[in-house]
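Next comes model-v7.cif, with mmCIF, C-alpha atoms.
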```cif
data_protein
#
loop_
_atom_site.label_atom_id
_atom_site.label_comp_id
_atom_site.auth_asym_id
_atom_site.auth_seq_id
_atom_site.Cartn_x
_atom_site.Cartn_y
_atom_site.Cartn_z
CA MET A 138 32.21 8.74 -37.00
CA GLN A 139 28.62 7.77 -36.26
CA GLU A 140 29.51 7.33 -32.60
CA LEU A 141 30.94 10.85 -32.47
CA LEU A 142 27.68 12.27 -33.79
CA ILE A 143 25.42 10.08 -31.69
CA GLY A 144 24.39 13.06 -29.56
CA PHE A 145 22.95 14.77 -32.64
CA THR A 146 21.52 11.72 -34.35
CA SER A 147 19.68 10.33 -31.34
CA VAL A 148 17.76 13.49 -30.45
CA THR A 149 14.05 13.37 -31.24
CA TRP A 150 11.35 16.05 -31.64
CA GLN A 151 9.88 14.81 -28.37
CA ASN A 152 13.18 15.68 -26.67
CA GLY A 153 12.92 19.13 -28.25
CA VAL A 154 9.45 19.63 -26.81
CA MET A 155 10.74 18.62 -23.38
CA TYR A 156 13.55 21.22 -23.62
CA LEU A 157 10.82 23.80 -24.20
CA VAL A 158 8.82 22.46 -21.24
CA GLY A 159 11.95 22.65 -19.06
CA LEU A 160 12.76 26.15 -20.28
CA THR A 161 9.17 27.27 -19.64
CA LEU A 162 9.38 26.07 -16.04
CA ILE A 163 12.73 27.83 -15.59
CA LEU A 164 11.34 31.05 -17.08
CA LEU A 165 8.22 30.87 -14.91
CA ALA A 166 10.51 30.50 -11.89
CA ILE A 167 12.82 33.37 -12.86
CA LEU A 168 10.53 35.87 -14.55
CA LYS A 169 7.29 35.28 -12.65
CA GLY A 170 8.70 34.01 -9.36
CA TYR A 171 6.39 30.97 -9.41
CA GLU A 172 7.75 28.52 -6.76
CA PRO A 173 11.30 29.18 -8.03
CA MET A 174 12.94 26.83 -5.53
CA LEU A 175 11.14 23.90 -7.13
CA LEU A 176 10.17 24.86 -10.66
CA LEU A 177 13.71 25.87 -11.59
CA PRO A 178 15.36 22.58 -10.54
CA ILE A 179 12.42 20.61 -12.00
CA GLY A 180 12.81 22.48 -15.30
CA PHE A 181 16.55 21.89 -15.43
CA GLY A 182 16.08 18.25 -14.47
CA ALA A 183 13.60 17.89 -17.34
CA ILE A 184 16.23 19.21 -19.76
CA LEU A 185 19.00 17.01 -18.34
CA VAL A 186 17.00 13.83 -18.59
CA ASN A 187 16.00 14.46 -22.20
CA LEU A 188 19.49 15.11 -23.49
CA PRO A 189 20.70 12.36 -25.86
CA LEU A 190 21.35 8.99 -24.18
CA ALA A 191 20.00 10.32 -20.86
CA SER A 192 23.30 9.55 -19.17
CA VAL A 193 22.06 11.21 -15.98
CA LEU A 194 19.71 8.22 -15.63
CA SER A 195 22.01 5.44 -16.69
CA TYR A 196 25.35 5.07 -18.42
CA GLU A 197 26.99 1.84 -19.56
CA GLY A 198 24.60 -0.19 -17.42
CA GLU A 199 25.26 1.82 -14.25
CA PRO A 200 22.63 4.13 -12.77
CA GLY A 201 23.31 7.82 -13.39
CA PHE A 202 23.33 10.39 -10.59
CA LEU A 203 19.69 11.39 -11.02
CA GLN A 204 18.61 7.75 -10.99
CA VAL A 205 20.62 7.24 -7.80
CA LEU A 206 18.89 10.26 -6.25
CA PHE A 207 15.50 9.02 -7.45
CA ASN A 208 16.05 5.56 -5.98
CA ALA A 209 17.34 6.98 -2.71
CA GLY A 210 14.95 9.89 -2.22
CA ILE A 211 11.73 9.36 -4.13
CA SER A 212 11.31 5.58 -4.35
CA THR A 213 11.94 5.38 -0.61
CA GLU A 214 9.80 8.54 0.03
CA LEU A 215 12.71 9.95 2.01
CA PHE A 216 12.82 13.41 0.37
CA PRO A 217 9.15 14.35 0.96
CA LEU A 218 9.43 13.19 4.57
CA LEU A 219 12.57 15.25 5.17
CA ILE A 220 10.77 18.25 3.67
CA PHE A 221 7.97 17.63 6.14
CA ILE A 222 10.40 17.83 9.06
CA ALA A 223 11.51 21.20 7.71
CA VAL A 224 7.93 22.38 7.17
CA GLY A 225 6.95 21.25 10.66
CA ALA A 226 9.78 23.33 12.10
CA MET A 227 8.41 26.36 10.24
CA ILE A 228 4.79 26.08 11.40
CA ASP A 229 3.50 28.13 14.30
CA PHE A 230 0.18 26.65 15.44
CA GLY A 231 -0.38 29.67 17.72
CA PRO A 232 -3.06 31.33 15.52
CA LEU A 233 -4.91 28.00 15.37
CA PHE A 234 -4.87 27.59 19.17
CA LYS A 235 -6.48 31.02 19.47
CA ASN A 236 -9.20 30.16 16.91
CA PRO A 237 -9.59 26.39 17.11
CA ILE A 238 -12.79 26.43 15.04
CA MET A 239 -10.56 27.23 12.06
CA ILE A 240 -9.34 23.64 12.09
CA PHE A 241 -12.50 22.51 10.32
CA PHE A 242 -11.66 24.59 7.26
CA GLY A 243 -8.52 22.48 6.98
CA ALA A 244 -10.89 19.55 6.45
CA ALA A 245 -13.47 21.24 4.21
CA ALA A 246 -10.83 22.55 1.83
CA GLN A 247 -9.69 18.99 1.07
CA LEU A 248 -12.86 18.58 -1.00
CA GLY A 249 -10.81 19.09 -4.17
CA ILE A 250 -8.83 15.90 -3.54
CA PHE A 251 -11.91 13.74 -3.50
CA ALA A 252 -13.90 15.58 -6.17
CA THR A 253 -10.94 15.34 -8.54
CA MET A 254 -10.47 11.66 -7.78
CA ILE A 255 -14.05 11.03 -8.88
CA VAL A 256 -13.53 13.13 -12.02
CA ALA A 257 -10.36 11.18 -12.81
CA THR A 258 -12.18 7.86 -12.64
CA LEU A 259 -14.84 9.25 -14.99
CA LEU A 260 -12.02 10.08 -17.42
CA GLY A 261 -10.86 6.46 -17.38
CA PHE A 262 -8.07 6.39 -14.79
CA ASP A 263 -7.98 3.47 -12.37
CA LEU A 264 -8.60 4.12 -8.67
CA LYS A 265 -4.95 4.30 -7.58
CA VAL A 266 -3.94 6.70 -10.35
CA ALA A 267 -7.13 8.73 -9.78
CA ALA A 268 -6.25 9.01 -6.08
CA ALA A 269 -2.73 10.15 -6.94
CA ILE A 270 -4.13 12.79 -9.32
CA GLY A 271 -6.71 13.89 -6.75
CA ILE A 272 -4.00 14.44 -4.17
CA ILE A 273 -2.81 17.44 -6.22
CA GLY A 274 -5.72 19.05 -4.37
CA ALA A 275 -3.82 18.64 -1.12
CA ALA A 276 -1.99 21.76 -2.34
CA ASP A 277 0.97 20.23 -0.64
CA GLY A 278 3.93 19.10 -2.74
CA PRO A 279 5.47 16.51 -0.39
CA THR A 280 2.08 14.81 0.19
CA ALA A 281 1.44 14.74 -3.56
CA ILE A 282 4.87 13.21 -4.19
CA PHE A 283 4.45 10.72 -1.35
CA VAL A 284 1.05 9.46 -2.57
CA ALA A 285 2.02 9.51 -6.25
CA GLY A 286 5.19 7.59 -5.36
CA LYS A 287 3.04 4.86 -3.84
CA PHE A 288 0.14 4.75 -6.31
CA ALA A 289 1.30 6.14 -9.66
CA LYS A 290 5.07 6.35 -10.07
CA GLU A 291 4.68 6.70 -13.84
CA TYR A 292 2.75 9.97 -13.35
CA LEU A 293 5.04 11.38 -10.65
CA GLY A 294 6.42 14.07 -12.99
CA PRO A 295 3.14 15.60 -14.17
CA ILE A 296 1.51 15.29 -10.73
CA SER A 297 4.42 17.08 -9.03
CA VAL A 298 4.60 19.78 -11.68
CA ALA A 299 0.83 20.32 -11.45
CA ALA A 300 0.93 20.47 -7.63
CA TYR A 301 3.75 23.02 -7.47
CA SER A 302 2.53 25.06 -10.44
CA TYR A 303 -0.96 25.51 -9.06
CA MET A 304 0.38 26.22 -5.58
CA SER A 305 2.27 29.12 -7.09
CA LEU A 306 -0.87 30.19 -8.95
CA VAL A 307 -3.04 30.42 -5.81
CA PRO A 308 -3.17 34.25 -6.12
CA LEU A 309 -4.73 33.81 -9.56
CA ILE A 310 -6.95 30.77 -8.86
CA GLN A 311 -8.56 31.60 -5.52
CA PRO A 312 -9.88 35.19 -5.89
CA PRO A 313 -12.33 34.53 -8.76
CA VAL A 314 -13.68 31.39 -7.06
CA VAL A 315 -14.11 33.24 -3.75
CA ARG A 316 -15.82 36.20 -5.46
CA LEU A 317 -18.15 33.87 -7.32
CA LEU A 318 -19.29 32.17 -4.12
CA THR A 319 -19.55 35.16 -1.77
CA THR A 320 -21.35 38.47 -1.69
CA LYS A 321 -19.55 41.74 -1.02
CA HIS A 322 -21.42 41.92 2.29
CA GLU A 323 -20.00 38.52 3.30
CA ARG A 324 -16.48 39.53 2.28
CA ARG A 325 -16.76 42.58 4.53
CA ILE A 326 -17.50 40.58 7.68
CA HIS A 327 -15.15 41.57 10.48
CA MET A 328 -13.81 38.94 12.84
CA GLU A 329 -12.63 39.61 16.36
CA TYR A 330 -9.20 38.39 17.26
CA HIS A 331 -8.25 37.90 20.88
CA GLU A 332 -4.54 38.21 21.47
CA ALA A 333 -3.89 35.70 24.23
CA SER A 334 -0.69 33.85 24.87
CA VAL A 335 -0.76 30.07 24.47
CA PRO A 336 0.94 28.16 27.30
CA LYS A 337 4.19 26.58 26.16
CA TRP A 338 3.20 23.09 27.32
CA ILE A 339 0.20 23.13 24.97
CA LYS A 340 2.43 23.89 22.01
CA ILE A 341 4.76 21.05 23.05
CA ALA A 342 1.98 18.53 23.73
CA PHE A 343 0.06 19.27 20.52
CA PRO A 344 2.45 17.63 18.00
CA ILE A 345 2.73 14.55 20.22
CA PHE A 346 -1.07 14.21 20.59
CA VAL A 347 -1.67 14.82 16.90
CA THR A 348 0.85 12.15 15.91
CA CYS A 349 -0.66 9.61 18.27
CA VAL A 350 -4.26 10.32 17.19
CA ALA A 351 -3.30 10.15 13.50
CA GLY A 352 -1.45 6.92 14.24
CA PHE A 353 -4.60 5.35 15.69
CA VAL A 354 -6.98 6.68 13.02
CA ALA A 355 -4.83 6.12 9.93
CA PRO A 356 -1.60 4.28 10.81
CA ILE A 357 -0.35 4.58 7.25
CA SER A 358 -0.29 8.38 7.62
CA VAL A 359 2.27 8.23 10.45
CA PRO A 360 5.36 8.79 8.26
CA LEU A 361 3.76 11.98 6.91
CA ILE A 362 2.19 13.40 10.06
CA GLY A 363 5.00 12.04 12.25
CA SER A 364 7.74 13.84 10.35
CA LEU A 365 5.68 17.06 10.18
CA MET A 366 5.02 16.97 13.91
CA PHE A 367 8.59 15.94 14.73
CA GLY A 368 9.75 19.14 13.04
CA ASN A 369 7.16 21.10 15.01
CA LEU A 370 8.20 19.50 18.29
CA ILE A 371 11.82 20.48 17.64
CA ARG A 372 10.62 24.05 17.11
CA GLU A 373 8.34 24.25 20.13
CA SER A 374 10.52 22.34 22.60
CA GLY A 375 12.62 25.46 23.09
CA VAL A 376 15.74 23.40 23.79
CA LEU A 377 16.67 22.58 20.19
CA GLU A 378 16.88 26.04 18.70
CA ARG A 379 19.88 25.21 16.51
CA LEU A 380 18.27 22.01 15.24
CA SER A 381 15.07 23.92 14.56
CA GLN A 382 16.97 26.54 12.58
CA THR A 383 18.86 23.81 10.71
CA ALA A 384 15.59 22.10 9.80
CA GLN A 385 14.03 25.38 8.66
CA ASN A 386 17.02 26.44 6.61
CA GLU A 387 19.80 24.02 5.64
CA LEU A 388 17.65 20.88 5.62
CA ALA A 389 14.78 22.60 3.77
CA TYR A 390 17.06 24.14 1.14
CA LEU A 391 19.20 21.06 0.57
CA VAL A 392 16.33 18.61 0.24
CA THR A 393 14.30 21.03 -1.88
CA LEU A 394 17.25 21.36 -4.24
CA LEU A 395 17.62 17.59 -4.58
CA LEU A 396 13.86 16.99 -4.67
CA GLY A 397 13.30 19.41 -7.55
CA ILE A 398 15.98 18.09 -9.86
CA THR A 399 15.04 14.50 -9.03
CA ILE A 400 11.38 15.12 -9.86
CA GLY A 401 12.58 16.68 -13.12
CA SER A 402 14.39 13.43 -13.86
CA SER A 403 11.03 11.64 -14.04
CA MET A 404 9.98 13.88 -16.92
CA THR A 405 11.35 11.86 -19.81
CA ALA A 406 9.61 12.58 -23.10
CA ASP A 407 8.05 9.13 -23.34
CA LYS A 408 6.47 9.49 -19.89
CA PHE A 409 5.54 13.18 -20.06
CA LEU A 410 4.34 13.81 -23.62
CA ARG A 411 1.07 12.00 -23.30
CA LEU A 412 -2.55 13.04 -23.36
CA GLU A 413 -2.73 11.99 -19.72
CA THR A 414 -0.29 14.77 -18.77
CA LEU A 415 -2.64 17.40 -20.17
CA MET A 416 -5.54 15.73 -18.39
CA ILE A 417 -3.60 15.72 -15.11
CA MET A 418 -2.74 19.42 -15.49
CA GLY A 419 -6.43 20.16 -16.14
CA MET A 420 -7.58 18.10 -13.19
CA GLY A 421 -5.04 19.81 -10.95
CA LEU A 422 -6.80 23.09 -11.64
CA VAL A 423 -10.17 21.45 -10.91
CA ALA A 424 -8.75 20.24 -7.59
CA PHE A 425 -7.68 23.72 -6.49
CA ILE A 426 -11.04 25.21 -7.52
CA PHE A 427 -12.97 22.57 -5.55
CA ASP A 428 -10.66 23.04 -2.55
CA THR A 429 -11.38 26.75 -2.49
CA ALA A 430 -15.11 26.21 -3.03
CA GLY A 431 -15.22 23.55 -0.29
CA GLY A 432 -13.66 25.88 2.28
CA VAL A 433 -15.82 28.88 1.38
CA LEU A 434 -19.09 26.94 1.24
CA PHE A 435 -18.34 25.23 4.55
CA ALA A 436 -17.77 28.64 6.17
CA LYS A 437 -21.11 29.79 4.80
CA LEU A 438 -22.73 26.66 6.22
CA VAL A 439 -21.17 27.27 9.65
CA ASN A 440 -22.41 30.88 9.54
CA ILE A 441 -26.02 29.67 9.41
CA PHE A 442 -25.62 28.38 12.96
CA LEU A 443 -23.59 31.27 14.38
CA PRO A 444 -25.06 34.37 16.06
CA LYS A 445 -24.94 37.61 14.03
CA ASP A 446 -21.95 39.07 15.88
CA LYS A 447 -19.90 35.86 15.62
CA LYS A 448 -20.15 35.26 11.87
CA ILE A 449 -17.06 34.04 10.05
CA ASN A 450 -15.82 35.83 6.98
CA PRO A 451 -16.32 32.98 4.45
CA MET A 452 -13.14 33.94 2.62
CA VAL A 453 -11.23 32.48 5.57
CA GLY A 454 -12.56 29.06 4.55
CA ALA A 455 -10.60 29.26 1.31
CA CYS A 456 -7.37 29.32 3.34
CA GLY A 457 -8.03 25.74 4.44
CA ILE A 458 -5.86 24.61 1.56
CA SER A 459 -2.30 23.83 2.44
CA ALA A 460 -0.57 26.51 0.35
CA PHE A 461 0.95 28.33 3.33
CA PRO A 462 1.19 31.29 3.82
CA MET A 463 0.27 32.36 0.31
CA SER A 464 -3.42 31.60 0.62
CA ALA A 465 -3.75 33.57 3.87
CA ARG A 466 -2.01 36.54 2.29
CA VAL A 467 -4.26 36.41 -0.78
CA ILE A 468 -7.41 36.36 1.36
CA GLN A 469 -6.20 39.22 3.58
CA LYS A 470 -5.49 41.25 0.44
CA MET A 471 -9.01 40.55 -0.82
CA ALA A 472 -10.49 41.57 2.55
CA SER A 473 -8.55 44.84 2.46
CA GLU A 474 -9.66 45.53 -1.11
CA ASP A 475 -13.32 45.08 -0.18
CA GLU A 476 -13.02 47.15 2.97
CA LYS A 477 -9.96 49.05 4.04
CA GLY A 478 -8.89 48.15 7.55
CA ASN A 479 -10.62 44.77 7.68
CA ILE A 480 -7.94 42.56 9.20
CA ILE A 481 -8.60 38.81 9.09
CA LEU A 482 -5.00 37.72 8.63
CA MET A 483 -4.60 35.80 11.88
CA GLN A 484 -7.82 33.86 11.36
CA ALA A 485 -6.72 33.19 7.78
CA ILE A 486 -3.35 31.90 9.02
CA GLY A 487 -5.13 29.69 11.56
CA SER A 488 -7.18 28.20 8.74
CA ASN A 489 -4.07 27.91 6.55
CA VAL A 490 -2.03 25.92 9.10
CA SER A 491 -5.09 23.71 9.62
CA GLY A 492 -4.91 23.04 5.90
CA GLN A 493 -1.37 21.77 6.35
CA VAL A 494 -2.53 19.25 8.93
CA GLY A 495 -5.73 18.49 7.00
CA SER A 496 -3.90 17.78 3.75
CA VAL A 497 -1.59 15.29 5.47
CA ILE A 498 -4.53 13.57 7.17
CA ALA A 499 -6.39 13.47 3.84
CA GLY A 500 -3.31 11.95 2.22
CA GLY A 501 -3.25 9.34 4.97
CA MET A 502 -6.96 8.59 4.43
CA VAL A 503 -6.40 8.08 0.72
CA LEU A 504 -3.40 5.82 1.42
CA ALA A 505 -5.48 3.80 3.90
CA LEU A 506 -8.73 3.50 1.94
CA VAL A 507 -7.69 3.06 -1.69
CA PRO A 508 -5.75 -0.23 -1.23
CA LEU A 509 -8.87 -1.75 0.37
CA LEU A 510 -10.70 -1.42 -2.95
CA ALA A 511 -7.97 -1.46 -5.59
CA PHE A 512 -5.36 -4.19 -5.60
CA MET B 380 -17.74 -3.52 7.50
CA GLU B 381 -15.97 -6.32 5.68
CA ASN B 382 -19.15 -7.06 3.73
CA LEU B 383 -19.30 -3.43 2.64
CA ILE B 384 -15.70 -3.55 1.44
CA ILE B 385 -16.27 -6.81 -0.44
CA ASP B 386 -19.40 -5.31 -2.02
CA LEU B 387 -17.50 -2.17 -3.05
CA GLN B 388 -14.68 -4.21 -4.57
CA SER B 389 -17.12 -5.48 -7.19
CA GLN B 390 -18.46 -2.00 -8.01
CA SER B 391 -17.30 0.33 -10.78
CA VAL B 392 -14.18 2.44 -10.24
CA THR B 393 -16.25 5.63 -9.96
CA VAL B 394 -18.45 4.13 -7.24
CA GLN B 395 -15.27 3.07 -5.44
CA ALA B 396 -13.93 6.64 -5.78
CA ILE B 397 -17.16 8.02 -4.34
CA ALA B 398 -16.88 5.58 -1.43
CA VAL B 399 -13.26 6.60 -0.79
CA SER B 400 -14.33 10.25 -0.97
CA VAL B 401 -17.12 9.84 1.55
CA GLY B 402 -14.92 7.76 3.86
CA GLY B 403 -11.96 10.08 3.40
CA LEU B 404 -13.88 13.27 4.11
CA ILE B 405 -15.53 11.75 7.17
CA GLY B 406 -12.12 10.57 8.33
CA VAL B 407 -10.50 13.99 7.87
CA PHE B 408 -13.34 15.80 9.63
CA ALA B 409 -13.40 13.26 12.47
CA THR B 410 -9.63 13.41 13.00
CA LEU B 411 -9.56 17.20 12.94
CA ALA B 412 -12.57 17.23 15.29
CA VAL B 413 -10.46 15.26 17.78
CA PHE B 414 -7.66 17.83 17.36
CA PHE B 415 -10.25 20.58 17.90
CA LEU B 416 -11.32 18.99 21.17
CA ILE B 417 -7.69 18.59 22.23
CA ILE B 418 -7.04 22.28 21.57
CA ARG B 419 -10.22 23.38 23.37
CA LEU B 420 -9.38 21.19 26.34
CA SER B 421 -5.79 22.42 26.38
CA ASN B 422 -6.95 26.03 26.24
CA ARG B 423 -9.27 25.47 29.20
CA LEU B 424 -6.57 23.74 31.20
CA GLY B 425 -4.17 26.53 30.23
CA LYS B 426 -6.58 29.18 31.53
CA LYS B 427 -7.05 27.36 34.82
CA ALA B 428 -3.31 26.88 35.35
#
```
For this file, write the structure as structure tokens.
Amino acid sequence: MQELLIGFTSVTWQNGVMYLVGLTLILLAILKGYEPMLLLPIGFGAILVNLPLASVLSYEGEPGFLQVLFNAGISTELFPLLIFIAVGAMIDFGPLFKNPIMIFFGAAAQLGIFATMIVATLLGFDLKVAAAIGIIGAADGPTAIFVAGKFAKEYLGPISVAAYSYMSLVPLIQPPVVRLLTTKHERRIHMEYHEASVPKWIKIAFPIFVTCVAGFVAPISVPLIGSLMFGNLIRESGVLERLSQTAQNELAYLVTLLLGITIGSSMTADKFLRLETLMIMGMGLVAFIFDTAGGVLFAKLVNIFLPKDKKINPMVGACGISAFPMSARVIQKMASEDEKGNIILMQAIGSNVSGQVGSVIAGGMVLALVPLLAF
Amino acid sequence: MENLIIDLQSQSVTVQAIAVSVGGLIGVFATLAVFFLIIRLSNRLGKKA
């Protein structure tokens, strides 16, 4: 009789809390539209893994289906890399080629990664875990999962949830930070945009050059940047249209589906219901705030050296985070609110795609530097 | 360089994090600066062609 009721007798209050966490993520996905493709599977995965006996993880000594997916896709880092191929196939670097200066905002807006890493060490985390928490500031889910998978597997759940949650909250996080750091006059700066076609060979050569340079500077970043640029090369080659479409659609959807539910499977109550989870969620917000501030302040710094008619609207700097294209849209909306007809969208998109490259490079730097100091 | 790394290994975790931050930010800016030069060069070559 006891065996028949084991499902009821083995449930704990911690499991109950995790059902609420899972339901909250599902409701945020459905009702608010916050990153639904990820938060919904993550939420459901969190419920599945906290059901009595957690048979999705293991049953009668055999790994359950979510454990199999975790071992195959997260432990090997395969899922984030496949997502990168899909993302690469979606990126058009055209706006960046027309405004190459925007690439530096993709570097400045990585400030949040490093600032948060320092904060995390002050809160008592060791260097590897601090680096994994800081990488939430990459505003780039696959990079966060990749780095957390290497440095802090036990915090993979909270780090992924924080990364995707704050990415979806960019429209709420960035505007107040941007307004705080800029004057209305600065937000009204107009930027010229020259519509010029970019030769096809440049678009084809760029992903190859970028991969090679990244390979020389930070060899450990090659899986990340290589898969991103492979996807982009498929897109720009012009001879693999069907593969490009497959990467952008079927591959992206399928891996996202598996990635979400697998990340959810790391959210067991014993791993998730800890003070550290709250700290990680808090530091994730700090990371996004510092990212935004880094980009805006760097734009203001650059403006000191630019002639009056060439000034950059500092809001564009905030788009240097990797949350594409949401950040660019948010900044364009802000520009329109401050002055009707002020169009800075293409510059913002240039900065935003730079953020995608910058976040991957920053991830590679963290992966290369941290093991030198922490064993 | 190796001496610097050995010295940092004996420092506190926060000092190590600051070192990684400085090195990381320099690395990101330097790498993207190379990409910037590649794009500028490509644009010039593209205009000439």
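CA of Ile222 (chain A) is positioned 6.2 Å from CA of Phe367 (chain A).
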Practice item. List the residues matched by the PyMOL selection byres ((chain A and resi 212) around 12) in the displayed structure as an MDAnalysis selection string, ordered by chain and then by residue number. Key: chainID A and resid 204:211 213:218 282:291 293 396 399:400 403
Per-residue nearest contacts of chain A to chain B (8 Å; all atoms listed in the file) as a Markdown table:
```
| residue | atom | partner | partner_atom | distance |
| --- | --- | --- | --- | --- |
| A:Phe234 | CA | B:Ile418 | CA | 6.2 |
| A:Pro237 | CA | B:Phe415 | CA | 5.9 |
| A:Ile238 | CA | B:Phe415 | CA | 7.0 |
| A:Ile240 | CA | B:Leu411 | CA | 6.5 |
| A:Phe241 | CA | B:Leu411 | CA | 6.6 |
| A:Ala244 | CA | B:Phe408 | CA | 5.5 |
| A:Ala245 | CA | B:Phe408 | CA | 7.7 |
| A:Gln247 | CA | B:Leu404 | CA | 7.7 |
| A:Leu248 | CA | B:Leu404 | CA | 7.4 |
| A:Phe251 | CA | B:Ser400 | CA | 4.9 |
| A:Ala252 | CA | B:Ser400 | CA | 7.5 |
| A:Met254 | CA | B:Ala396 | CA | 6.4 |
| A:Ile255 | CA | B:Ala396 | CA | 5.4 |
| A:Thr258 | CA | B:Thr393 | CA | 5.4 |
| A:Leu259 | CA | B:Thr393 | CA | 6.4 |
| A:Asp263 | CA | B:Val392 | CA | 6.6 |
| A:Leu264 | CA | B:Val392 | CA | 6.0 |
| A:Val335 | CA | B:Gly425 | CA | 7.6 |
| A:Pro336 | CA | B:Gly425 | CA | 6.1 |
| A:Ile339 | CA | B:Ser421 | CA | 6.2 |
| A:Phe343 | CA | B:Ile418 | CA | 7.8 |
| A:Val347 | CA | B:Phe414 | CA | 6.7 |
| A:Val350 | CA | B:Thr410 | CA | 7.5 |
| A:Ala351 | CA | B:Thr410 | CA | 7.1 |
| A:Val354 | CA | B:Thr410 | CA | 7.2 |
| A:Gly495 | CA | B:Val407 | CA | 6.6 |
| A:Ile498 | CA | B:Val407 | CA | 6.0 |
| A:Ala499 | CA | B:Val407 | CA | 5.8 |
| A:Met502 | CA | B:Gly403 | CA | 5.3 |
| A:Val503 | CA | B:Gly403 | CA | 6.5 |
| A:Leu506 | CA | B:Val399 | CA | 6.1 |
| A:Val507 | CA | B:Val399 | CA | 6.7 |
| A:Leu509 | CA | B:Ile384 | CA | 7.1 |
| A:Leu510 | CA | B:Gln388 | CA | 5.1 |
| A:Ala511 | CA | B:Gln388 | CA | 7.3 |
```
Keeping C-alpha atoms, export the residues of the selection given above as a short mmCIF file (atom, residue, chain, number, x, y, z; two decimals), in the frame of the given file.
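Contents of result_17.cif, as written:
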```cif
data_model
loop_
_atom_site.label_atom_id
_atom_site.label_comp_id
_atom_site.auth_asym_id
_atom_site.auth_seq_id
_atom_site.Cartn_x
_atom_site.Cartn_y
_atom_site.Cartn_z
CA PHE A 234 -4.87 27.59 19.17
CA PRO A 237 -9.59 26.39 17.11
CA ILE A 238 -12.79 26.43 15.04
CA ILE A 240 -9.34 23.64 12.09
CA PHE A 241 -12.50 22.51 10.32
CA ALA A 244 -10.89 19.55 6.45
CA ALA A 245 -13.47 21.24 4.21
CA GLN A 247 -9.69 18.99 1.07
CA LEU A 248 -12.86 18.58 -1.00
CA PHE A 251 -11.91 13.74 -3.50
CA ALA A 252 -13.90 15.58 -6.17
CA MET A 254 -10.47 11.66 -7.78
CA ILE A 255 -14.05 11.03 -8.88
CA THR A 258 -12.18 7.86 -12.64
CA LEU A 259 -14.84 9.25 -14.99
CA ASP A 263 -7.98 3.47 -12.37
CA LEU A 264 -8.60 4.12 -8.67
CA VAL A 335 -0.76 30.07 24.47
CA PRO A 336 0.94 28.16 27.30
CA ILE A 339 0.20 23.13 24.97
CA PHE A 343 0.06 19.27 20.52
CA VAL A 347 -1.67 14.82 16.90
CA VAL A 350 -4.26 10.32 17.19
CA ALA A 351 -3.30 10.15 13.50
CA VAL A 354 -6.98 6.68 13.02
CA GLY A 495 -5.73 18.49 7.00
CA ILE A 498 -4.53 13.57 7.17
CA ALA A 499 -6.39 13.47 3.84
CA MET A 502 -6.96 8.59 4.43
CA VAL A 503 -6.40 8.08 0.72
CA LEU A 506 -8.73 3.50 1.94
CA VAL A 507 -7.69 3.06 -1.69
CA LEU A 509 -8.87 -1.75 0.37
CA LEU A 510 -10.70 -1.42 -2.95
CA ALA A 511 -7.97 -1.46 -5.59
#
```
Counting only C-alpha atoms, what is within 12 Å of Gln493 (chain A), bar same-chain residues fewer than 3 positions away, as a CSV table (one decimal) with C-alpha atoms, keeping the file's coordinate frame?
```csv
chain,number,residue,atom,x,y,z
A,221,PHE,CA,8.0,17.6,6.1
A,224,VAL,CA,7.9,22.4,7.2
A,225,GLY,CA,7.0,21.2,10.7
A,227,MET,CA,8.4,26.4,10.2
A,228,ILE,CA,4.8,26.1,11.4
A,229,ASP,CA,3.5,28.1,14.3
A,230,PHE,CA,0.2,26.6,15.4
A,233,LEU,CA,-4.9,28.0,15.4
A,240,ILE,CA,-9.3,23.6,12.1
A,241,PHE,CA,-12.5,22.5,10.3
A,242,PHE,CA,-11.7,24.6,7.3
A,243,GLY,CA,-8.5,22.5,7.0
A,244,ALA,CA,-10.9,19.6,6.4
A,246,ALA,CA,-10.8,22.6,1.8
A,247,GLN,CA,-9.7,19.0,1.1
A,274,GLY,CA,-5.7,19.0,-4.4
A,275,ALA,CA,-3.8,18.6,-1.1
A,276,ALA,CA,-2.0,21.8,-2.3
A,277,ASP,CA,1.0,20.2,-0.6
A,278,GLY,CA,3.9,19.1,-2.7
A,279,PRO,CA,5.5,16.5,-0.4
A,280,THR,CA,2.1,14.8,0.2
A,361,LEU,CA,3.8,12.0,6.9
A,362,ILE,CA,2.2,13.4,10.1
A,365,LEU,CA,5.7,17.1,10.2
A,366,MET,CA,5.0,17.0,13.9
A,456,CYS,CA,-7.4,29.3,3.3
A,457,GLY,CA,-8.0,25.7,4.4
A,458,ILE,CA,-5.9,24.6,1.6
A,459,SER,CA,-2.3,23.8,2.4
A,460,ALA,CA,-0.6,26.5,0.4
A,461,PHE,CA,1.0,28.3,3.3
A,462,PRO,CA,1.2,31.3,3.8
A,464,SER,CA,-3.4,31.6,0.6
A,486,ILE,CA,-3.4,31.9,9.0
A,487,GLY,CA,-5.1,29.7,11.6
A,488,SER,CA,-7.2,28.2,8.7
A,489,ASN,CA,-4.1,27.9,6.6
A,490,VAL,CA,-2.0,25.9,9.1
A,496,SER,CA,-3.9,17.8,3.8
A,497,VAL,CA,-1.6,15.3,5.5
A,498,ILE,CA,-4.5,13.6,7.2
A,499,ALA,CA,-6.4,13.5,3.8
A,500,GLY,CA,-3.3,12.0,2.2
B,411,LEU,CA,-9.6,17.2,12.9
```
Review point. Quick one: residues within 9 Å of Thr393 (chain A), all atoms listed in the file counted, chain neighbours fewer than 4 positions away excluded, as a PyMOL selection string?
Key: chain A and resi 174-175+178+216-217+220+388-389+397-398
